[in-house]
Amino acid sequence: MASVGASREPAGTSKHPPAHGDLEDIELSLLLEGVFRQYGFDFREYAPASLRRRVWRRVFAEGLQTISALQDKLLHDPACMERLLLDLSINVTAMFRDPAFYLAFREKVVPILRTYPFTRIWVAGCSTGEEVYSLAILLEEEQVYDRARIYATDINESVLDRARSGVFPLDKMREYTQNYIKGGGTRAFSEYYLAKYDGAQFQRSLIENVVFAQHNLVSDHSFNEFNVIICRNVMIYFDRTLQERVHRLFFDSLVTFGVLGLGHKESIRFSPHEAGYEELDPSEKLYRKVG
């Protein structure tokens, strides 16, 4: 997952939220409770500093002055809730982002996948899909894609629709090509997409074995057993209690000797199941379940 770009505040509106105080805490708590009870999305255990910034951004973008006013509007206007959901879903991503992770995946995870007759992979918090297409390309080049099924999930149906479309900005292709090469790519990256106007349409064959589905890491349960779970740069936005809950979900969803891949700023250290993993590549946060 990654971050939605900053919204443009209406003219004459302050770009900075008021000073943090008790009243703001009450307003924010009531808004999150209302969102959960009305729409079922639970952001109550997200990291408060990031959450507060994103809520105030939406307050200003809606032309409002208080969090309470935003609460009133979104409870009666589902379209406003959709806009807030985009703000609260962290959607900064890129193809082959952190190329060293993909290189390590090729070298240390793919040999494990070759030992299975069939592989189930969960990309949790897949956002607009760049990570999913990157993984599909890697598996195709390593000749294990035909024996794999990728489950790509996110809380936000809007970003899932964009992921299904497989269209990414054409002006990003130079950056993505460099990432692909550094990540151990073995072909010409341009083979995988067709340039159309200002977009790059990626081959539909790359998602033949992909299931896109809405899933909320906060409230939903496991839905299968997986050989690999990748969830990168998502849990950094959760508080400790929620991180522990998600770690438990992943541990319970992995088969024995299954692989967990996290983001650079994330770790299994101090998680409830730290002792249940061995390090495959500690620098790239790849772990293997052994407990």
# chains A, B, ... in the order shown; residues from 1 in each chain; ligands from 1
$ residues_around --residues "Ser134 of chain A" --least-positions-apart "2" --cutoff "6 Å" --atoms "only C-alpha atoms" --output "list in words"
Met95, Phe96, Glu131, Val132, Ala136 and Ile137 of chain A
$ residues_around --residues "His215 of chain A" --least-positions-apart "3" --cutoff "10 Å" --atoms "only C-alpha atoms" --output "PDB file with N, CA and C atoms, in the first residue's frame"
ATOM      1  N   ALA A 124      -1.224  -8.723   0.538  1.00  0.00           N
ATOM      2  CA  ALA A 124      -2.172  -8.023   1.403  1.00  0.00           C
ATOM      3  C   ALA A 124      -1.893  -6.518   1.361  1.00  0.00           C
ATOM      4  N   GLY A 125      -2.949  -5.734   1.142  1.00  0.00           N
ATOM      5  CA  GLY A 125      -2.765  -4.294   0.976  1.00  0.00           C
ATOM      6  C   GLY A 125      -2.145  -4.002  -0.379  1.00  0.00           C
ATOM      7  N   ALA A 152      -4.834 -10.965  -4.352  1.00  0.00           N
ATOM      8  CA  ALA A 152      -4.467  -9.560  -4.144  1.00  0.00           C
ATOM      9  C   ALA A 152      -5.626  -8.853  -3.460  1.00  0.00           C
ATOM     10  N   THR A 153      -5.401  -8.401  -2.234  1.00  0.00           N
ATOM     11  CA  THR A 153      -6.495  -7.815  -1.466  1.00  0.00           C
ATOM     12  C   THR A 153      -6.168  -6.405  -1.001  1.00  0.00           C
ATOM     13  N   ASP A 154      -7.240  -5.637  -0.809  1.00  0.00           N
ATOM     14  CA  ASP A 154      -7.115  -4.290  -0.259  1.00  0.00           C
ATOM     15  C   ASP A 154      -8.454  -3.926   0.378  1.00  0.00           C
ATOM     16  N   ILE A 155      -8.429  -2.968   1.273  1.00  0.00           N
ATOM     17  CA  ILE A 155      -9.651  -2.506   1.927  1.00  0.00           C
ATOM     18  C   ILE A 155     -10.523  -1.693   0.977  1.00  0.00           C
ATOM     19  N   ASN A 156      -9.891  -1.112  -0.045  1.00  0.00           N
ATOM     20  CA  ASN A 156     -10.538  -0.098  -0.872  1.00  0.00           C
ATOM     21  C   ASN A 156     -10.901  -0.653  -2.252  1.00  0.00           C
ATOM     22  N   GLU A 157     -12.186  -0.714  -2.554  1.00  0.00           N
ATOM     23  CA  GLU A 157     -12.642  -1.259  -3.831  1.00  0.00           C
ATOM     24  C   GLU A 157     -12.211  -0.382  -5.004  1.00  0.00           C
ATOM     25  N   PHE A 212      -8.457 -10.667  -7.395  1.00  0.00           N
ATOM     26  CA  PHE A 212      -8.537  -9.401  -6.665  1.00  0.00           C
ATOM     27  C   PHE A 212      -9.778  -9.433  -5.779  1.00  0.00           C
ATOM     28  N   VAL A 218      -7.933  -5.259   9.412  1.00  0.00           N
ATOM     29  CA  VAL A 218      -8.319  -4.893  10.771  1.00  0.00           C
ATOM     30  C   VAL A 218      -9.400  -5.818  11.316  1.00  0.00           C
ATOM     31  N   SER A 219     -10.360  -6.166  10.479  1.00  0.00           N
ATOM     32  CA  SER A 219     -11.540  -6.865  10.993  1.00  0.00           C
ATOM     33  C   SER A 219     -11.813  -8.224  10.356  1.00  0.00           C
ATOM     34  N   ASP A 220     -11.262  -8.504   9.174  1.00  0.00           N
ATOM     35  CA  ASP A 220     -11.566  -9.766   8.494  1.00  0.00           C
ATOM     36  C   ASP A 220     -10.613 -10.879   8.918  1.00  0.00           C
ATOM     37  N   HIS A 221     -11.050 -12.111   8.720  1.00  0.00           N
ATOM     38  CA  HIS A 221     -10.272 -13.271   9.144  1.00  0.00           C
ATOM     39  C   HIS A 221      -9.504 -13.871   7.960  1.00  0.00           C
ATOM     40  N   SER A 222      -8.749 -14.912   8.257  1.00  0.00           N
ATOM     41  CA  SER A 222      -8.029 -15.628   7.207  1.00  0.00           C
ATOM     42  C   SER A 222      -9.028 -16.296   6.271  1.00  0.00           C
ATOM     43  N   PHE A 223      -8.671 -16.401   4.993  1.00  0.00           N
ATOM     44  CA  PHE A 223      -9.579 -16.989   4.022  1.00  0.00           C
ATOM     45  C   PHE A 223      -8.936 -18.127   3.240  1.00  0.00           C
TER      46      PHE A 223
END
$ residues_around --residues "Ala69 of chain A" --least-positions-apart "2" --cutoff "12 Å" --atoms "only C-alpha atoms" --output "ChimeraX atom specification"
/A:27-28,30-31,55-56,58-60,62-67,71-76,80
$ write_last_selection --atoms "C-alpha atoms" --output "CSV table (one decimal), in the first residue's frame"
chain,number,residue,atom,x,y,z
A,27,GLU,CA,-14.1,14.6,17.8
A,28,LEU,CA,-11.6,12.2,16.1
A,30,LEU,CA,-16.4,9.9,17.6
A,31,LEU,CA,-15.7,10.2,13.8
A,55,VAL,CA,-8.6,13.4,8.5
A,56,TRP,CA,-7.8,17.1,8.6
A,58,ARG,CA,-10.3,15.7,4.2
A,59,VAL,CA,-11.9,18.3,6.4
A,60,PHE,CA,-10.3,21.1,4.4
A,62,GLU,CA,-14.6,19.3,1.9
A,63,GLY,CA,-14.7,23.0,2.7
A,64,LEU,CA,-15.4,22.3,6.4
A,65,GLN,CA,-13.9,23.7,9.6
A,66,THR,CA,-14.1,20.9,12.2
A,67,ILE,CA,-13.8,17.1,12.4
A,71,GLN,CA,-18.5,13.3,10.7
A,72,ASP,CA,-21.9,14.8,10.1
A,73,LYS,CA,-21.3,14.9,6.4
A,74,LEU,CA,-19.9,11.5,5.8
A,75,LEU,CA,-22.5,9.7,7.9
A,76,HIS,CA,-25.2,11.1,5.6
A,80,CYS,CA,-17.9,11.7,1.2
$ select_by_dssp --residues "segment 103-133 of chain A" --states "strand (DSSP E or B)" --output "number ranges by chain"
A: 119-124
$ write_last_selection --atoms "N, CA and C atoms" --output "tab-separated table (two decimals), in the first residue's frame"
chain	number	residue	atom	x	y	z
A	119	THR	N	1.28	-23.19	-5.70
A	119	THR	CA	1.62	-22.16	-4.72
A	119	THR	C	0.49	-21.13	-4.61
A	120	ARG	N	0.10	-20.85	-3.36
A	120	ARG	CA	-0.85	-19.78	-3.09
A	120	ARG	C	-0.11	-18.61	-2.45
A	121	ILE	N	-0.26	-17.44	-3.03
A	121	ILE	CA	0.44	-16.24	-2.57
A	121	ILE	C	-0.59	-15.16	-2.25
A	122	TRP	N	-0.46	-14.54	-1.08
A	122	TRP	CA	-1.36	-13.46	-0.68
A	122	TRP	C	-0.57	-12.15	-0.67
A	123	VAL	N	-1.00	-11.20	-1.51
A	123	VAL	CA	-0.46	-9.84	-1.46
A	123	VAL	C	-1.49	-9.00	-0.72
A	124	ALA	N	-1.22	-8.72	0.54
A	124	ALA	CA	-2.17	-8.02	1.40
A	124	ALA	C	-1.89	-6.52	1.36
$ closest_atom_pairs --of "segment 71-143 of chain A" --to "segment 185-198 of chain A" --cutoff "12 Å" --atoms "only C-alpha atoms" --output "tab-separated table"
residue	atom	partner	partner_atom	distance
A:Met95	CA	A:Phe189	CA	11.0
A:Phe96	CA	A:Gly185	CA	9.7
A:Pro99	CA	A:Gly185	CA	9.8
A:Ala100	CA	A:Gly185	CA	11.5
A:Tyr102	CA	A:Gly185	CA	9.2
A:Leu103	CA	A:Gly185	CA	8.6
A:Phe105	CA	A:Gly185	CA	11.9
A:Arg106	CA	A:Gly185	CA	9.7
A:Tyr133	CA	A:Tyr192	CA	9.7
A:Ser134	CA	A:Gly185	CA	10.0
A:Leu135	CA	A:Gly185	CA	11.1
A:Ala136	CA	A:Tyr192	CA	10.7
A:Ile137	CA	A:Tyr192	CA	8.1
A:Leu138	CA	A:Gly185	CA	7.3
A:Leu139	CA	A:Gly185	CA	10.7
A:Glu140	CA	A:Thr186	CA	10.5
A:Glu141	CA	A:Thr186	CA	7.1
A:Glu142	CA	A:Thr186	CA	9.3
A:Gln143	CA	A:Thr186	CA	11.9
$ write_last_selection --atoms "N, CA and C atoms" --output "PDB file, in the first residue's frame"
ATOM      1  N   MET A  95       6.112  -0.103  -9.302  1.00  0.00           N
ATOM      2  CA  MET A  95       6.483  -1.428  -9.766  1.00  0.00           C
ATOM      3  C   MET A  95       7.939  -1.715  -9.385  1.00  0.00           C
ATOM      4  N   PHE A  96       8.151  -2.922  -8.877  1.00  0.00           N
ATOM      5  CA  PHE A  96       9.475  -3.349  -8.411  1.00  0.00           C
ATOM      6  C   PHE A  96      10.075  -2.340  -7.426  1.00  0.00           C
ATOM      7  N   PRO A  99      13.974  -2.611  -5.331  1.00  0.00           N
ATOM      8  CA  PRO A  99      14.374  -3.724  -6.203  1.00  0.00           C
ATOM      9  C   PRO A  99      15.122  -4.837  -5.487  1.00  0.00           C
ATOM     10  N   ALA A 100      15.862  -4.500  -4.433  1.00  0.00           N
ATOM     11  CA  ALA A 100      16.625  -5.532  -3.724  1.00  0.00           C
ATOM     12  C   ALA A 100      15.707  -6.584  -3.112  1.00  0.00           C
ATOM     13  N   TYR A 102      12.969  -7.741  -4.540  1.00  0.00           N
ATOM     14  CA  TYR A 102      12.618  -8.665  -5.625  1.00  0.00           C
ATOM     15  C   TYR A 102      13.800  -9.551  -6.002  1.00  0.00           C
ATOM     16  N   LEU A 103      14.996  -8.986  -5.915  1.00  0.00           N
ATOM     17  CA  LEU A 103      16.190  -9.791  -6.181  1.00  0.00           C
ATOM     18  C   LEU A 103      16.313 -10.902  -5.136  1.00  0.00           C
ATOM     19  N   PHE A 105      13.872 -12.133  -3.410  1.00  0.00           N
ATOM     20  CA  PHE A 105      12.747 -13.054  -3.625  1.00  0.00           C
ATOM     21  C   PHE A 105      13.105 -14.071  -4.706  1.00  0.00           C
ATOM     22  N   ARG A 106      13.723 -13.593  -5.795  1.00  0.00           N
ATOM     23  CA  ARG A 106      14.144 -14.500  -6.866  1.00  0.00           C
ATOM     24  C   ARG A 106      15.136 -15.539  -6.346  1.00  0.00           C
ATOM     25  N   TYR A 133       1.513  -6.929 -10.240  1.00  0.00           N
ATOM     26  CA  TYR A 133       2.040  -7.123 -11.601  1.00  0.00           C
ATOM     27  C   TYR A 133       3.546  -7.403 -11.550  1.00  0.00           C
ATOM     28  N   SER A 134       4.251  -6.742 -10.648  1.00  0.00           N
ATOM     29  CA  SER A 134       5.689  -6.996 -10.501  1.00  0.00           C
ATOM     30  C   SER A 134       5.935  -8.449 -10.119  1.00  0.00           C
ATOM     31  N   LEU A 135       5.156  -8.927  -9.154  1.00  0.00           N
ATOM     32  CA  LEU A 135       5.315 -10.308  -8.699  1.00  0.00           C
ATOM     33  C   LEU A 135       4.958 -11.297  -9.809  1.00  0.00           C
ATOM     34  N   ALA A 136       3.903 -10.998 -10.563  1.00  0.00           N
ATOM     35  CA  ALA A 136       3.500 -11.877 -11.666  1.00  0.00           C
ATOM     36  C   ALA A 136       4.600 -11.965 -12.722  1.00  0.00           C
ATOM     37  N   ILE A 137       5.221 -10.828 -13.032  1.00  0.00           N
ATOM     38  CA  ILE A 137       6.323 -10.815 -13.997  1.00  0.00           C
ATOM     39  C   ILE A 137       7.478 -11.669 -13.496  1.00  0.00           C
ATOM     40  N   LEU A 138       7.823 -11.500 -12.233  1.00  0.00           N
ATOM     41  CA  LEU A 138       8.926 -12.269 -11.639  1.00  0.00           C
ATOM     42  C   LEU A 138       8.625 -13.770 -11.708  1.00  0.00           C
ATOM     43  N   LEU A 139       7.420 -14.159 -11.312  1.00  0.00           N
ATOM     44  CA  LEU A 139       7.063 -15.581 -11.314  1.00  0.00           C
ATOM     45  C   LEU A 139       7.044 -16.148 -12.731  1.00  0.00           C
ATOM     46  N   GLU A 140       6.594 -15.346 -13.686  1.00  0.00           N
ATOM     47  CA  GLU A 140       6.584 -15.768 -15.091  1.00  0.00           C
ATOM     48  C   GLU A 140       8.015 -16.009 -15.580  1.00  0.00           C
ATOM     49  N   GLU A 141       8.909 -15.096 -15.260  1.00  0.00           N
ATOM     50  CA  GLU A 141      10.303 -15.242 -15.704  1.00  0.00           C
ATOM     51  C   GLU A 141      10.990 -16.429 -15.038  1.00  0.00           C
ATOM     52  N   GLU A 142      10.568 -16.754 -13.824  1.00  0.00           N
ATOM     53  CA  GLU A 142      11.170 -17.887 -13.110  1.00  0.00           C
ATOM     54  C   GLU A 142      10.435 -19.200 -13.398  1.00  0.00           C
ATOM     55  N   GLN A 143       9.441 -19.114 -14.296  1.00  0.00           N
ATOM     56  CA  GLN A 143       8.711 -20.291 -14.776  1.00  0.00           C
ATOM     57  C   GLN A 143       7.962 -21.024 -13.654  1.00  0.00           C
TER      58      GLN A 143
END
$ closest_residue --among "A:Asp239, A:Asp22, A:Glu130, A:Asp146" --to "Val167 of chain A" --atoms "only C-alpha atoms"
A:Glu130
$ closest_atom_pairs --of "segment 89-171 of chain A" --to "segment 245-261 of chain A" --cutoff "9 Å" --atoms "only C-alpha atoms" --output "CSV"
residue,atom,partner,partner_atom,distance
A:Phe101,CA,A:Gly261,CA,8.8
A:Phe105,CA,A:Gly261,CA,8.9
A:Val109,CA,A:Val259,CA,7.5
A:Ile112,CA,A:Gly258,CA,8.9
$ write_last_selection --atoms "N, CA and C atoms" --output "PDB file, in the first residue's frame"
ATOM      1  N   PHE A 101      14.487  -6.185  -2.766  1.00  0.00           N
ATOM      2  CA  PHE A 101      13.518  -7.155  -2.240  1.00  0.00           C
ATOM      3  C   PHE A 101      13.193  -8.198  -3.309  1.00  0.00           C
ATOM      4  N   PHE A 105      13.872 -12.133  -3.410  1.00  0.00           N
ATOM      5  CA  PHE A 105      12.747 -13.054  -3.625  1.00  0.00           C
ATOM      6  C   PHE A 105      13.105 -14.071  -4.706  1.00  0.00           C
ATOM      7  N   VAL A 109      13.386 -17.159  -2.340  1.00  0.00           N
ATOM      8  CA  VAL A 109      12.011 -17.664  -2.185  1.00  0.00           C
ATOM      9  C   VAL A 109      11.625 -18.555  -3.363  1.00  0.00           C
ATOM     10  N   ILE A 112      12.245 -22.227  -3.121  1.00  0.00           N
ATOM     11  CA  ILE A 112      11.285 -22.899  -2.238  1.00  0.00           C
ATOM     12  C   ILE A 112       9.994 -23.183  -2.999  1.00  0.00           C
TER      13      ILE A 112
END
$ residues_around --residues "segment 232-236 of chain A" --least-positions-apart "4" --cutoff "7 Å" --atoms "only C-alpha atoms" --output "JSON, numbers by chain"
{"A": [1, 125, 243, 261, 262, 263, 266]}
$ atom_distance --atom1 "atom CA of Ser283 of chain A" --atom2 "atom CA of Tyr145 of chain A"
25.6 Å
$ closest_residue --among "A:Leu160, A:Ile230, A:Ala275, A:Ala213" --to "Leu86 of chain A" --atoms "only C-alpha atoms"
A:Leu160
$ select_by_dssp --residues "segment 206-263 of chain A" --states "alpha helix (DSSP H)" --output "PyMOL selection string"
chain A and resi 240-253
$ write_last_selection --atoms "N, CA and C atoms" --output "JSON list (two decimals), in the first residue's frame"
[["chain", "number", "residue", "atom", "x", "y", "z"],
["A", 240, "ARG", "N", 0.56, -0.59, 17.88],
["A", 240, "ARG", "CA", 1.16, -1.88, 18.28],
["A", 240, "ARG", "C", 0.12, -2.99, 18.41],
["A", 241, "THR", "N", -1.03, -2.68, 19.00],
["A", 241, "THR", "CA", -2.07, -3.69, 19.20],
["A", 241, "THR", "C", -2.55, -4.25, 17.88],
["A", 242, "LEU", "N", -2.78, -3.36, 16.91],
["A", 242, "LEU", "CA", -3.26, -3.80, 15.61],
["A", 242, "LEU", "C", -2.17, -4.56, 14.85],
["A", 243, "GLN", "N", -0.92, -4.11, 14.97],
["A", 243, "GLN", "CA", 0.19, -4.84, 14.35],
["A", 243, "GLN", "C", 0.23, -6.29, 14.85],
["A", 244, "GLU", "N", 0.06, -6.46, 16.16],
["A", 244, "GLU", "CA", 0.11, -7.81, 16.73],
["A", 244, "GLU", "C", -1.04, -8.67, 16.21],
["A", 245, "ARG", "N", -2.21, -8.06, 16.03],
["A", 245, "ARG", "CA", -3.36, -8.80, 15.52],
["A", 245, "ARG", "C", -3.10, -9.25, 14.07],
["A", 246, "VAL", "N", -2.51, -8.37, 13.27],
["A", 246, "VAL", "CA", -2.24, -8.71, 11.87],
["A", 246, "VAL", "C", -1.13, -9.77, 11.79],
["A", 247, "HIS", "N", -0.12, -9.64, 12.64],
["A", 247, "HIS", "CA", 0.93, -10.67, 12.67],
["A", 247, "HIS", "C", 0.31, -12.04, 12.99],
["A", 248, "ARG", "N", -0.63, -12.06, 13.90],
["A", 248, "ARG", "CA", -1.29, -13.32, 14.26],
["A", 248, "ARG", "C", -2.07, -13.87, 13.07],
["A", 249, "LEU", "N", -2.75, -12.98, 12.36],
["A", 249, "LEU", "CA", -3.51, -13.38, 11.17],
["A", 249, "LEU", "C", -2.58, -14.00, 10.12],
["A", 250, "PHE", "N", -1.45, -13.37, 9.88],
["A", 250, "PHE", "CA", -0.51, -13.88, 8.88],
["A", 250, "PHE", "C", 0.09, -15.22, 9.31],
["A", 251, "PHE", "N", 0.47, -15.31, 10.58],
["A", 251, "PHE", "CA", 1.08, -16.56, 11.07],
["A", 251, "PHE", "C", 0.09, -17.71, 10.92],
["A", 252, "ASP", "N", -1.16, -17.47, 11.30],
["A", 252, "ASP", "CA", -2.18, -18.52, 11.21],
["A", 252, "ASP", "C", -2.51, -18.87, 9.75],
["A", 253, "SER", "N", -2.26, -17.93, 8.83],
["A", 253, "SER", "CA", -2.60, -18.14, 7.41],
["A", 253, "SER", "C", -1.48, -18.80, 6.62]]
$ atom_distance --atom1 "atom CA of Glu107 of chain A" --atom2 "atom CA of Ser267 of chain A"
20.5 Å
$ atom_distance --atom1 "atom CA of Ser127 of chain A" --atom2 "atom CA of Val159 of chain A"
5.6 Å
